[in-house]
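K.L.:
Take this structure, written in structure tokens, and hold onto it; I'll ask about it next.
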Amino acid sequence: MNLRYKLFTAFLGLIIIPLFILGMIMFFVTYNSIEKKYSQQSEYSLKAISYSISNVFKDMNNVTDNGIATSVFHMALSADDPSKQDLTDAEQLSLNASQRNFRSLLYNHPSISYAFLYNFNGKGSSEIVSVFTKENFRTLPYDKFKGSALYQEVMELNGVPKWLAPHEYPELTGTEAVFTQIRLIKELSFFQNIGILVVQIKNWEFESIFRNLKIGGSNQKVSFMLVNDDGMILLDPDRNLDGQSLSSFTTKHITYKPGFQSFKTQFGGEKSILSVYHLKDYPWSLVSVTSWGSLSREVTVFARWFVAVIFLCFLAAVIFNLFFMNRITGGIAVIVRFMRRVEDGDLTTRVEEKGNDEMTLLAKGINDLMDKINMLFNRIQVEQRRKNQAEMRVLQAQIKPHFLFNTLESINVLAVQNEGSKVSEMVYRLASILRISIQDRDEITLQEEVTHLRNYLDIQKFRFEDVFDYEIDIPEELMKCGILKLTLQPLVENSIQHGFEGIGYHGRVSVKGWEDQGNLILRIEDNGIGMTSAQLSMFQYMINDSAEQSTGGQAEQVIHQERRGLGVRSVADRIRIEYGDRYGIFICASPGEGTIIQCVIPKYEQGEDHYAKSIIG
């Protein structure tokens, strides 16, 4: 038995048990009279709460009936653009008379939290039509909702509203303590099913109903809650018991039958009177829990001679908790919470070093240990980053001889043909290319990369004058963005060398760039021979050279495997090493339809610390 259990046992044996025995002797005489009196008051109160709740539901039923009668929901579902039917965002002048009246009704109704429609005839984004928006709430997709038992029940009700309490169907209603109405929407002319309406109402009115109603005197400890027929607590105004099972707080088995019932039992370890009233027309019950101790205080005739004993026991309990249990177990609880945070991965947390006892020494030792662990983690992180940078330089070096070989071969062909001016132009552009290729910088601006790419394309145009054309369309505002050098040229080289091989028509290469959600998107598109699905499946990131060599005997099964090429693979690997797994190259191709290579990297200015950002991402 640990220290906390020992202290709790002492507290229970010295204070709680004596109080319990004395209380049983005192309250045994007045047991029947107090319970009967309170049960009558509780029945009246629960019936009043039930009546108020039913009125809230009826009021909301009338609101949705008005929307159906005025065809507001029908017009929203049949609109040309159902995704723009949110009455909270729509311009007043763009609405018809029915929509304006219904929107006024929505704004003037303080309880509505959220409303949307499932569109039976919609597809994609039009399957869900928002009528009354709600922040930070994701609607359950229609396909999932359609496969649930709730959907079948709503369809069987054939337009009659179905109410859901909090926590009954969180996939649809969320985790907030709100009530939700679901009903089938019909087209009034032909009574055809066109959608399902889902309306959530806030819990303000329900909380005010519970809080404004008090049973007995103001000193009584009373709590109300709403439970379903399975015993799950759907609504607790104090927000302490929402979503939990009522049976876990009481040892008495409760059958939720029609009518009213009241009995004395233990609730949450405390003797209480528990009253249950089943709502009409709904599968819910109202439950009131009143502390038996608070009721017994009303019996002042017994409290006159017992007050001294209660005071002494209470004083002993306070002293015991303040000077023994809380002082000893409080420090231990703090260290336990600290260790749990460390288990969750928070290595920056520290235990407060307060006092000069053994607990302070323990806290100091733990803090020193965490400092040493953080130093080791930082050292490992630096070494890993250096390793990644070295691997990236190796991959980058693979591109240079590959490109240089192809270019020199083109110059050799022109020299043989005595094309001196072309050779001079190609040598000049090759020098410009090598000037960027051989410099020590791994990162250049997009402007420099585009210049490098134009020089390469012009060299290839000299060689393949009538084979292809190219265009580069990148906005000027993106030219200052940082990019790994030799990113675009190997991808374009792949299209020219392999995409236009053996074609009988004029080739075209298009390079475009744009920004999307903080990322820089670069797309290389050609109209070449394309690739089959089998060839596409051969493209992988970070393939070891040894793995490729081990499959050299199966060359007949990997025809055109060079389509992905050394250059494409190296660019992909370099991007993954530099920016992380969220970024890379994505290829889309079809035989005879050309190839699209899309490069996704983070958008940043040259010199920014994108490495740390990619690790966090």
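Ligands are numbered from 1 in the order shown, chains are lettered A, B, ... in the order of the structure tokens, and residues start at 1 in each chain.
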Identify, on the basis of only C-alpha atoms, every residue whose closest approach to range 170-173 of chain A does not exceed 9 Å; exclude the query and any residue fewer than 6 positions from it along the same chain; express the result as a ChimeraX atom specification.
P.N.:
/A:138-141,145,164,179-180,198,200
K.L.:
So which one's closest to Ala48 in chain A, A:Asn212, A:Gln535, A:Asn203, A:Thr64? Using only C-alpha atoms, please.
P.N.:
A:Asn212
K.L.:
Name all residues at most 7 Å from Arg429 in chain A (count only C-alpha atoms; drop same-chain ones fewer than 4 positions away) and give them as a PyMOL selection string.
P.N.:
chain A and resi 425+433+455
K.L.:
List the neighbours of Ile366 in chain A out to 10 Å using only C-alpha atoms; skip same-chain residues closer than 6 positions along the sequence, and give me the result as a list in words.
P.N.:
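Once the nearby chain positions are removed, what remains is Ile335, Phe338, Met339, Arg350, Val351 and Thr360 of chain A.
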K.L.:
One decimal, Å: what's the distance from CA of Leu235 in chain A over to CA of Thr251 in chain A, could you say?
P.N.:
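Those two atoms sit 20.7 Å apart.
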K.L.:
Smallest atom-to-atom distance to Thr70 in chain A: which of A:Ala149, A:Glu383, A:Leu188, A:Ser208, using only C-alpha atoms?
P.N.:
A:Leu188
K.L.:
Enter the distance from CA of Arg211 in chain A to CA of Ser223 in chain A, in Å, rounded to one decimal.
P.N.:
9.0 Å
K.L.:
Find the nearest atom pair between each residue of range 438-489 of chain A and range 500-509 of chain A for residues within 8 Å, count only C-alpha atoms, give distances in Å to one decimal, sort rows by chain and ascending number, and present the table as JSON lines.
P.N.:
{"residue": "A:Asp466", "atom": "CA", "partner": "A:His506", "partner_atom": "CA", "distance": 7.2}
{"residue": "A:Val467", "atom": "CA", "partner": "A:His506", "partner_atom": "CA", "distance": 5.5}
{"residue": "A:Phe468", "atom": "CA", "partner": "A:Gly507", "partner_atom": "CA", "distance": 4.0}
{"residue": "A:Asp469", "atom": "CA", "partner": "A:Arg508", "partner_atom": "CA", "distance": 4.9}
{"residue": "A:Tyr470", "atom": "CA", "partner": "A:Val509", "partner_atom": "CA", "distance": 4.6}
{"residue": "A:Glu471", "atom": "CA", "partner": "A:Val509", "partner_atom": "CA", "distance": 6.5}
K.L.:
One number please: CA of Asn62 in chain A to CA of Gln181 in chain A, in Å, one decimal.
P.N.:
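Calculated distance between CA of Asn62 in chain A and CA of Gln181 in chain A is 11.8 Å.
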K.L.:
Which residue out of A:Val222, A:Leu315, A:Leu369, A:Ala69 has the minimum interatomic distance to Ser294 in chain A when only C-alpha atoms are used?
P.N.:
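Result for the nearest residue to Ser294 in chain A: A:Val222.
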K.L.:
If we count only C-alpha atoms, what is near Lys47 in chain A at a cut-off of 12 Å, once residues fewer than 2 positions away on the same chain are taken out, given as a PyMOL selection string?
P.N.:
chain A and resi 40-45+49-54+209-210+213+259-260+275-280+285-288
K.L.:
Measuring atom to atom with only C-alpha atoms, identify which of A:Asn356, A:Thr407, A:Ser33, A:Ile68 is nearest to Ser189 in chain A.
P.N.:
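The shortest atom-to-atom distance to Ser189 in chain A comes from A:Ile68.
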